[in-house]
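What follows is a short report on a single structure.
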Amino acid sequence: MHNNIRGVLTAIVTPFDTEGALNIPGLKLQIDRQLNAGNGIFCGGTNGEFFVLNEEEKIAVTRTCVETVAGRAPVVAHIGEISTRETIRLGKQIASLGVDAVSVITPYFVPLKQAELVSHYTAIADALAVPVFLYNIPARTGNTIEPATARVLAEHPNII
């Protein structure tokens with residue numbers, strides 16, 4: 001799967017209609033625009049409003065991306081939840097939709113030690129059949145993946 005992931009992966013926004021519901025036709029237009037520009041798709045990240053989407057919506061966004069892309073480019077979906085257990089649970093569902101990889105933000109709300117981040121990411125990478133990207137946004141999570149920690153995690157065969 002690693003060979004599938006190359007080029008620009010555009011972090012796409014999740015569009016909503018005026019009632020606050022997912023705008024699937026708008027999402028498809030956005031995906032087609034990125035594909036026409038030669039880009040891959042990164043759905044459900046911070047620009048994708050993962051923190052306000054419920055599980056059903058996260059799955060709908062990912063399914064729409066995978067189906068619309070139809071193998072023409074890589075699709076990476078964000079699965080980071082507040083706990084390791086919930087991230088793995090969602091990750092298994094998202095992986096079953098046919099994504100090329102997933103991204104996982106550092107847990108938020110609770111400050112973690114670097115060893116705890118290694119345990120978190122290792123458990124996720126061990127549990128999933130798709131590659132895992134480390135997604136580090138310390139300004140939003142309060143947790144930073146330090147370079148030494150990234151080096152340790154990079155040794156895992158399922159972490160990109």
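Just remember, in the structure tokens the first chain shown is A, the second B, etc., residues are 1-based per chain, and ligands are 1-based in the order shown.
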
Checklist entry - If you count only C-alpha atoms, which residues fall within 12 Å of Val104 of chain A, apart from same-chain ones fewer than 3 positions away, as a VMD selection string? => result chain A and resid 42 to 46 50 76 to 84 86 to 88 90 to 91 101 107 to 108 117 120 to 125 128 131 to 137 141 145 159 to 160

Next on the checklist: I'd like the neighbourhood of Phe16 of chain A as a list in words, where a residue qualifies if any of its atoms comes within 12 Å (using only C-alpha atoms), though same-chain residues fewer than 4 positions away should be ignored.
Outcome noted: Gly20, Ala21, Leu22, Asn23, Ile24, Pro25, Gly26, Leu27, Gly48, Glu49, Val52, Leu53, Glu57 and Val61 of chain A

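Closest approach to Glu155 of chain A from the set A:Val118, A:Ile59, A:Ala73, A:Arg33 is made by A:Val118, with distances taken over only C-alpha atoms.
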
Checklist entry - So which bits of chain A end up strand (DSSP E or B) when you DSSP the backbone, as a list in words? => result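 Selecting the strand (DSSP E or B) positions of chain A gives Leu9, Thr10, Ala11, Phe16, Leu22, Gly40, Ile41, Phe42, Cys43, Val75, Val76, Ala77, His78, Ala101, Val102, Ser103, Val104, Ile105, Val132, Phe133, Leu134, Tyr135 and Ile159 of chain A.
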
Item to check | Point-to-point distance in Å for atom CA of Val8 of chain A and atom CA of Gly38 of chain A | outcome: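 Spanning atom CA of Gly38 of chain A to atom CA of Val8 of chain A is a straight-line distance of 7.9 Å.
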
Next on the checklist: Just want the 10 Å neighbourhood of Ala60 of chain A, counted on only C-alpha atoms, with same-chain residues fewer than 4 positions away dropped. Output as a PyMOL selection string.
Outcome noted: chain A and resi 22+24+54-56+64-66+94+97

Next on the checklist: Going by DSSP on the backbone, which residues of chain A come out as alpha helix (DSSP H)? List them as a PyMOL selection string.
Outcome noted: chain A and resi 24-36+55-69+84-95+114-127+138-141+147-154

Next on the checklist: Rounded to one decimal, what separation in Å do you get between atom CA of Thr149 of chain A and atom CA of Ala115 of chain A?
Outcome noted: 7.9 Å

Item to check | Nearest to Arg63 of chain A by atom-to-atom distance, counting only C-alpha atoms, from A:Pro157, A:Leu35, A:Gln93, A:Phe51 | outcome: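 Of A:Pro157, A:Leu35, A:Gln93, A:Phe51, the one nearest Arg63 of chain A is A:Gln93, counting only C-alpha atoms.
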